[in-house]
Amino acid sequence: MSNKGLRKVDILFSQYSVAPYQILKQTMKKNKADVLTEINESGLRGRGGAGFPTGMKWQIMADEKAEEKYIICNADEGEPGTFKDRKLLVEVPRKVISGMAIAAWITNSTKGYIYLRAEYNYLIPALKKELEVFEEYSKQFGLDFPIEIFSGSGAYVCGEETALIESMEGKRGEPRNKPPFPTQEGYLGKPTLVNNVETLASVSMVCRYGSEKYKSLGTDAQRGSKLFSLSGDSPKEGVHEFELGMKVSDFVAEYGDGDTKAIQVGGVAGYCIPRKNFENTIIGEGNTTGGATMIFNSTRSMYNVIHNYLEFFVEESCGQCTPCRVGTQQLLKGIEAVKVGDKPECYLQDLIKLSKTMKITSKCGLGQSVTNSFTSIITNFPEEMIY
Amino acid sequence: MSTIKLIIDGQEIEVKNGTTILEAAKKINVNIPTLCHHEDLCVAGNCRVCVVEVKGRERLEASCAVPAEEGMDILTNSAKIRNARKDIVSLLVSEHNTQCTTCYRNTNCELQELAAEYNVDGNKYLSVLKEGIEIDTSSWSIEKDDSKCIHCQRCVRTCAELQHVNALTAAFKGNEMKISTFGELPFNEVVCTNCGQCVNHCPTGALTERRYFDQVWEALGDHSKHVVMNTAPSVRVALGEMLGYEVGTRVTGKMVTAMKKIGADSVLDTDFSADLTIIEEGHELLSRLRKVLLKKDTNIKLPMITSCSPGWVKFIEHMYPNHLGHLSTCKSPQQMFGALTKTYYAEKKGIDPKDIVSVAIMPCAAKKYEANRAEMNDSGYRDIDAGLTTREFGLMIKQAGLNFQNLEDSEFDSIMGESTGAGVIFGATGGVMEAALRTAYTIVTGRNVPFKNLNITAVRGTEGIRKASIKIDGCLEEWAFLEGAELNVAVAHGLKNARTIMDEVASGKSNYHFIEVMGCPGGCIGGGGQPIPTNADIRAKRIQAIYEEDMSKSIRMSHENPEIVRIYKEFLGEPLGEKSHKLLHTHYHKRNRY
Amino acid sequence: MEEVSKIIKEKIKEVGNQRTALLPILQAIMKEQNYVKKEDMVDVAEALDISAADVYGTSSFYSFIETEETGKYLIRICKSITCENKGKKQVLKAIEKELQIDLGETTYDKKFTLKPTNCLGLCDMGPAMLINDEPFTELTTELVSEIICEFRNR
């Protein structure tokens with residue numbers, strides 16, 4: 001455990017130049033292989049939550065030979081408690097689009113899509129305007145890379161990249177079996193690179209600052225800066241940018257309301273950390289890093305919290321695989337039964353075991369991650385679960 | 001093709017690149033349990049029952065969906081795996097209506113088998129079975145009971161991939177996810193061909209055929225009724241599977257005895273009316289050829305396409321409503337049989353047709369629907385009163401307490417019990433084509449088809465679409481216009497292949513004269529009413545049995561069937577004649593496409 | 001009816017008649033009439049030459065494609081934990097009272113439908129809701145009355 005303290009940074013939202021798409025322009029003057037090396041060396045990992053090394057994914061994509069290759073910006077930010085991508089798209093869409101364009105340039109991709117969640121439809125007019133600006137400049141730079149917005153239709157699971165692709169193909173957003181991975185067979189069977197909004201914006205930052213400088217931020221586990229969507233019992237709700245590696249206690253001291261009982265890190269798919277662990281838990285180490293952070297104070301019932309999460313999972317499971325479809329229902333019904341005394345307290349242990357089965361057998365990240373919040377809340381607040 | 005090496009349960013094995021872990025394990029005799037997997041269908045990886053451990057990975061992998069990789073070290077049986085599988089089966093049980101004792105699929109249910117194998121505690125988890133689920137009994141052929149559904153989507157994939165019908169879909173998501181028709185409409189209101197392949201591929205009792213055996217028992221017990229049973233060619237090569245025989249065993253003689261024992265007043269053979277179909281259809285083909293080639297009649301459609309398969313007929317009515325002119329107007333053997341039972345048979349036997357109950361035992365689900373088509377009453381009565389599947393009939397034999405394996409063989413009754421090898425092969429894809437060619441060639445040339453032992457191997461096999469050309473020479477004078485002509489034929493089975501060939505026909509680019517289409521993969525032997533399981537292996541063995549039955553027959557061409565000769569002499573007059581037209585031919589309806 | 005076939009045609013001109021056009025078409029119909037009728041699904045199926053069941057299966061998967069009759073203004077109130085903790089219940093009650101309907105229902109005049117929704121991504125400004133595509137945040141019981149009033153008069 002290495003506590004580096006709370007280090008705020010201001011990179012992703014900072015203004016670089018008044019002239020549009022200068023990062024893209026400067027980057028395209030370099031050698032593609034060098035830029036890819038830079039991204040690799042920056043240590044940047046996917047910011048959607050899964051944390052796959054971005055450079056590696058791009059390398060795989062670059063190596064794929066095909067007439068048509070697609071870049072998809074995953075703006076299906078559906079994790080409860082997350083809204084950082086919305087802010088990026090509102091305030092610095094250029095950085096996101098630049099990230100897409102750099103990806104296209106390096107990997108020789110032919111078309112781009114921004115998969116925007118339906119809940120953010122009101123962002124479309126501004127984004128479209130920005131895409132017109134991009135079109136003008138990309139032509140100037142000699143880059144033929146049209147980008148379209150594909151509007152989602154309301155399904156959390158479509159944040160999973162293969163479900164997102166299914167959805168774009170006009171189907172139910174059911175995650176695919178992997179392999180093949182989207183970089184091999186993605187949208188319409190063509191190589192497809194799916195990156196999160198923040199990842200793409202971060203690429204722009206790597207290109208702007210160089211890998212050395214970018215790498216110097218953060219920790220070994222998570223390089224660079226990371227956005228946090230902060231909500232809940234905090235006087236400072238909103239999006240904040242940090243280097244990772246701070247103790248939860250430091251974070252809570254700065255952002256809590258003085259009465260913090262627990263903090264949920266990584267959205268409902270992440271972990272709930274109770275007060276007693278604030279001192280010995282580092283954010284970004286062993287807990288997922290989608291960046292959704294919710295603070296609960298002592299007036300909040302943790303039973304209500306996990307009940308609310310489980311209702312969410314029960315509804316948003318795509319329903320195709322058994323552990324996720326039925327497991328989520330069992331967890332929800334199970335805690336309700338314990339709460340009213342229909343099942344003994346020890347049944348909670350059976351449910352924890354079940355959630356671990358879900359983790360190792362579910363088809364995609366949705367079912368696999370339910371155990372994170374479930375186990376951490378049940379184990380840390382058992383007294384709140386019983387009648 | 002390159003190969004890869006991996007280790008499964010400590011044993012090294014080399015497999016072709018692209019082989020799944022499940023397939024690789026099978027090669028070394030390791031059986032991994034599956035539910036959503038069916039070898040007829042694409043990989044789903046939904047149920048997660050087939051999970052295995054890949055050393056070095058924390059998560060288990062679905063062996064049906066994950067390809068084997070070089071150097072993988074796999075365990076298929078560990079505490080971690082057993083616990084996970086047991087949990088998954090428990091979860092499926094918790095959303096399942098577990099009234100197994102009253103389920104039609106009791107003792108033939110894949111979930112039940114796994115629950116027993118893993119000794120699942122039904123009370124471990126709470127029941128999440130939805131309340132108030134109603135069984136859809138709107139269809140003549142298929143019943144859908146969502147309370148038994150385990151959401152494996154085998155039916156959805158069957159309907160989409162094998163049949164290209166897409167009547168079924170997964171609808172909604174999460175806990176509300178269900179298998180549904182369009183808008184959750186009842187089956188009889190949607191674009192469904194009643195083929196029953198979904199039933200045959202369902203691992204549980206969620207999709208079953210609508211059963212009619214209680215009505216049949218009632219008729220059998222009613223002495224004022226004269227029950228005539230007839231049975232399709234492919235029933236005799238599959239029924240044994242339900243009664244303790246190896247796949248591919250022919251049980252014709254015992255089957256006939258069983259029907260007599262359960263009380264049928266007359267046990268007849270649909271193969272007879274298959275022979276009759278060949279005569280009518282053969283003449284129809286020749287008549288169409290004459291009209292088109294000689295008289296240049298543009299109202300007559302070629303290719304002519306067979307119409308024996310009611311699932312196929314409904315498919316073309318829905319999907320190609322503007323091309324119904326291609327369908328032969330011949331009724332299927334079942335419906336010819338029904339129409340004759342209550343006319344010719346009644347007359348010969350001196351029985352009032354109103355007292356006759358005609359029961360057809362079929363490998364098919366769509367035959368139930370076909371029997372109930374409004375127009376199928378040319379005898380003045382419902383031509384066929386009840387259609388049973390092979391499965392229902394197998395159950396009746398059990399209910400009757402017959403020790404099937406010890407039954408003596410016996411012969412079909414007369415009249416309408418005599419058949420030829422040509423009638424028998426109707427049961428396999430390509431069979432109608434072969435039987436028709438055997439007869440049509442003889443009509444035109446006065447000689448037998450120029451193939452060794454009459455076996456037209458070019459149209460046999462299991463390839464989805466098969467094509468052949470047969471040169472006609474030495475024609476009799478009446479058929480001189482066909483001298484030297486190449487008769488182009490094609491055979492398709494399974495509605496997916498039917499669609500491919502119909503697209504060709506609809507585009508006007510096909511040069512075929514005659515096409516055989518069977519709605520189910522493999523033809524009737526792979527029908528929706530056949531014993532479960534059915535798969536490629538099983539279909540191949542049933543087909544082999546069909547051809548063995550053909551070879552065992554002394555007469556192998558329909559026109560040589562003495563009872564056929566007799567019925568034309570004594571009742572029908574001539575092929576395509578007035579009486580034939582009334583009783584043996586039919587018409588079709590345009591139906592909604594979407 | 002005619003309206004919808006026009007929408008389908010226009011959308012197909014824009015995005016083609018492949019299956020990929022399905023969601024854009026359904027969204028366009030949603031925009032026009034706030035739900036997709038069964039007849040519309042048949043039209044869509046015909047236009048894309050896919051089965052109506054497939055259109056239904058896909059439509060019903062997505063919570064922003066409504067398959068039951070929906071009012072002109074579709075209110076989606078966020079039910080995520082943050083909004084919940086910030087007083088969503090009171091706000092919801094106020095809306096229900098204002099519209100005289102329960103969650104999941106449509107007003108008699110078919111003007112409003114009230115539905116719950118999962119996280120809107122407006123957690124820092126909860127409680128939040130959408131009316132059609134328009135977001136409304138930091139809701140209070142007074143504020144929702146005003147908003148609804150405004151929509152009534154639109």
# chains A, B, ... in the order shown; residues from 1 in each chain; ligands from 1

$ residues_around --residues "Arg19 in chain C" --least-positions-apart "5" --cutoff "7 Å" --atoms "only C-alpha atoms" --output "PyMOL selection string"
(chain A and resi 169-170) or (chain C and resi 48)

$ write_last_selection --atoms "C-alpha atoms" --output "mmCIF file, in the first residue's frame"
data_model
loop_
_atom_site.group_PDB
_atom_site.id
_atom_site.type_symbol
_atom_site.label_atom_id
_atom_site.label_comp_id
_atom_site.auth_asym_id
_atom_site.auth_seq_id
_atom_site.Cartn_x
_atom_site.Cartn_y
_atom_site.Cartn_z
ATOM 1 C CA GLU A 169 -26.389 -3.927 -35.658
ATOM 2 C CA GLY A 170 -30.059 -3.561 -34.772
ATOM 3 C CA LEU C 48 -36.185 -4.136 -43.518
#

$ interface_residues --of "chain C" --to "chain A" --cutoff "9 Å" --atoms "only C-alpha atoms" --output "MDAnalysis selection string"
chainID C and resid 18:24 27 54:55 57:65 79:86 118:126 130 133:135

$ interface_residues --of "chain B" --to "chain A" --cutoff "9 Å" --atoms "only C-alpha atoms" --output "number ranges by chain"
B: 43-49, 51, 58-62, 65-67, 80, 83-85, 87-89, 91-92, 94-95, 124-128, 150-153, 170-178

$ interface_residues --of "chain B" --to "chain C" --cutoff "8 Å" --atoms "only C-alpha atoms" --output "list in words"
Val165, Asn166, Ala167, Leu168, Thr169, Ala170, Ala171, Phe172, Lys173, Ser180, Thr181, Phe182, Gly183 and Tyr594 of chain B

$ residues_around --residues "Lys31 in chain C" --least-positions-apart "3" --cutoff "10 Å" --atoms "only C-alpha atoms" --output "MDAnalysis selection string"
chainID C and resid 25:28 34:36 65 72 132:133

$ write_last_selection --atoms "N, CA and C atoms" --output "PDB file, in the first residue's frame"
ATOM      1  N   ILE C  25     -34.637   3.678 -36.898  1.00  0.00           N
ATOM      2  CA  ILE C  25     -36.037   3.798 -37.333  1.00  0.00           C
ATOM      3  C   ILE C  25     -36.966   3.809 -36.113  1.00  0.00           C
ATOM      4  N   LEU C  26     -36.733   2.878 -35.200  1.00  0.00           N
ATOM      5  CA  LEU C  26     -37.591   2.820 -34.014  1.00  0.00           C
ATOM      6  C   LEU C  26     -37.494   4.123 -33.221  1.00  0.00           C
ATOM      7  N   GLN C  27     -36.286   4.669 -33.143  1.00  0.00           N
ATOM      8  CA  GLN C  27     -36.108   5.941 -32.429  1.00  0.00           C
ATOM      9  C   GLN C  27     -36.870   7.067 -33.124  1.00  0.00           C
ATOM     10  N   ALA C  28     -36.834   7.040 -34.450  1.00  0.00           N
ATOM     11  CA  ALA C  28     -37.546   8.081 -35.195  1.00  0.00           C
ATOM     12  C   ALA C  28     -39.056   7.980 -34.947  1.00  0.00           C
ATOM     13  N   ASN C  34     -43.982   8.766 -29.544  1.00  0.00           N
ATOM     14  CA  ASN C  34     -43.633   8.346 -28.184  1.00  0.00           C
ATOM     15  C   ASN C  34     -43.858   6.861 -27.885  1.00  0.00           C
ATOM     16  N   TYR C  35     -44.335   6.092 -28.825  1.00  0.00           N
ATOM     17  CA  TYR C  35     -44.316   4.643 -28.673  1.00  0.00           C
ATOM     18  C   TYR C  35     -44.463   3.981 -30.034  1.00  0.00           C
ATOM     19  N   VAL C  36     -44.091   2.725 -30.078  1.00  0.00           N
ATOM     20  CA  VAL C  36     -44.125   2.007 -31.344  1.00  0.00           C
ATOM     21  C   VAL C  36     -45.248   0.980 -31.275  1.00  0.00           C
ATOM     22  N   ILE C  65     -37.423   2.398 -25.954  1.00  0.00           N
ATOM     23  CA  ILE C  65     -38.386   2.118 -27.029  1.00  0.00           C
ATOM     24  C   ILE C  65     -39.643   1.619 -26.322  1.00  0.00           C
ATOM     25  N   LYS C  72     -47.990  12.167 -24.742  1.00  0.00           N
ATOM     26  CA  LYS C  72     -47.182  13.069 -25.560  1.00  0.00           C
ATOM     27  C   LYS C  72     -45.876  13.410 -24.845  1.00  0.00           C
ATOM     28  N   ASN C 132     -39.430  13.621 -22.243  1.00  0.00           N
ATOM     29  CA  ASN C 132     -38.926  13.243 -23.566  1.00  0.00           C
ATOM     30  C   ASN C 132     -37.398  13.298 -23.500  1.00  0.00           C
ATOM     31  N   ASP C 133     -36.741  14.125 -24.295  1.00  0.00           N
ATOM     32  CA  ASP C 133     -35.275  14.118 -24.235  1.00  0.00           C
ATOM     33  C   ASP C 133     -34.694  15.196 -23.314  1.00  0.00           C
TER      34      ASP C 133
END

$ residues_around --residues "range 550-560 of chain B" --least-positions-apart "6" --cutoff "12 Å" --atoms "only C-alpha atoms" --output "PyMOL selection string"
chain B and resi 233-234+237+250+252+271-283+418-428+431-432+434-443+446-449+453-455+543-544+566-568+575

$ write_last_selection --atoms "C-alpha atoms" --output "mmCIF file, in the first residue's frame"
data_model
loop_
_atom_site.group_PDB
_atom_site.id
_atom_site.type_symbol
_atom_site.label_atom_id
_atom_site.label_comp_id
_atom_site.auth_asym_id
_atom_site.auth_seq_id
_atom_site.Cartn_x
_atom_site.Cartn_y
_atom_site.Cartn_z
ATOM 1 C CA PRO B 233 -42.857 -44.111 -43.537
ATOM 2 C CA SER B 234 -40.488 -42.407 -41.130
ATOM 3 C CA VAL B 237 -37.599 -46.146 -38.429
ATOM 4 C CA ARG B 250 -36.780 -50.679 -38.223
ATOM 5 C CA THR B 252 -42.461 -51.940 -38.903
ATOM 6 C CA ASP B 271 -46.968 -45.399 -47.766
ATOM 7 C CA PHE B 272 -49.926 -46.487 -49.881
ATOM 8 C CA SER B 273 -51.043 -42.916 -50.318
ATOM 9 C CA ALA B 274 -47.418 -41.904 -50.796
ATOM 10 C CA ASP B 275 -47.437 -44.195 -53.814
ATOM 11 C CA LEU B 276 -50.680 -42.584 -54.870
ATOM 12 C CA THR B 277 -49.129 -39.144 -54.474
ATOM 13 C CA ILE B 278 -46.361 -40.221 -56.801
ATOM 14 C CA ILE B 279 -48.841 -41.246 -59.474
ATOM 15 C CA GLU B 280 -50.776 -37.994 -59.227
ATOM 16 C CA GLU B 281 -47.731 -35.791 -58.814
ATOM 17 C CA GLY B 282 -45.803 -37.607 -61.547
ATOM 18 C CA HIS B 283 -48.665 -37.064 -63.948
ATOM 19 C CA GLU B 418 -49.949 -52.202 -49.582
ATOM 20 C CA SER B 419 -46.958 -50.087 -50.450
ATOM 21 C CA THR B 420 -43.734 -50.030 -52.408
ATOM 22 C CA GLY B 421 -40.181 -49.005 -51.679
ATOM 23 C CA ALA B 422 -40.959 -45.769 -53.458
ATOM 24 C CA GLY B 423 -43.579 -44.923 -50.880
ATOM 25 C CA VAL B 424 -41.184 -45.746 -48.073
ATOM 26 C CA ILE B 425 -38.440 -43.393 -49.155
ATOM 27 C CA PHE B 426 -40.828 -40.426 -48.837
ATOM 28 C CA GLY B 427 -39.518 -40.355 -45.291
ATOM 29 C CA ALA B 428 -36.035 -39.199 -46.255
ATOM 30 C CA GLY B 431 -37.181 -39.625 -51.425
ATOM 31 C CA VAL B 432 -40.163 -38.045 -53.111
ATOM 32 C CA GLU B 434 -36.485 -40.379 -56.356
ATOM 33 C CA ALA B 435 -39.869 -42.085 -56.179
ATOM 34 C CA ALA B 436 -41.357 -39.620 -58.661
ATOM 35 C CA LEU B 437 -38.487 -40.047 -61.082
ATOM 36 C CA ARG B 438 -38.759 -43.833 -60.903
ATOM 37 C CA THR B 439 -42.376 -43.594 -61.990
ATOM 38 C CA ALA B 440 -42.274 -40.618 -64.345
ATOM 39 C CA TYR B 441 -39.326 -42.040 -66.257
ATOM 40 C CA THR B 442 -41.200 -45.277 -66.801
ATOM 41 C CA ILE B 443 -44.324 -43.484 -67.939
ATOM 42 C CA GLY B 446 -41.595 -47.441 -70.814
ATOM 43 C CA ARG B 447 -38.284 -48.384 -69.221
ATOM 44 C CA ASN B 448 -36.898 -48.250 -65.681
ATOM 45 C CA VAL B 449 -34.727 -45.341 -64.624
ATOM 46 C CA ASN B 453 -31.051 -51.104 -58.441
ATOM 47 C CA LEU B 454 -33.291 -48.094 -59.172
ATOM 48 C CA ASN B 455 -31.272 -46.127 -56.614
ATOM 49 C CA ILE B 543 -32.236 -42.294 -43.334
ATOM 50 C CA GLN B 544 -30.157 -45.420 -43.672
ATOM 51 C CA ARG B 566 -56.792 -51.407 -58.307
ATOM 52 C CA ILE B 567 -57.930 -48.065 -56.894
ATOM 53 C CA TYR B 568 -57.629 -46.405 -60.287
ATOM 54 C CA PRO B 575 -54.647 -39.882 -62.640
#

$ select_by_dssp --residues "range 144-387 of chain A" --states "helix (DSSP H, G or I)" --output "PyMOL selection string"
chain A and resi 156-159+161-168+187-189+197-209+211-215+248-255+267-269+275-277+302-316+322-339+347-361+365-380+382-385

$ atom_distance --atom1 "CA of Gly529 in chain B" --atom2 "CA of Cys109 in chain B"
15.8 Å

$ atom_distance --atom1 "CA of Gln22 in chain A" --atom2 "CA of Val92 in chain A"
13.4 Å
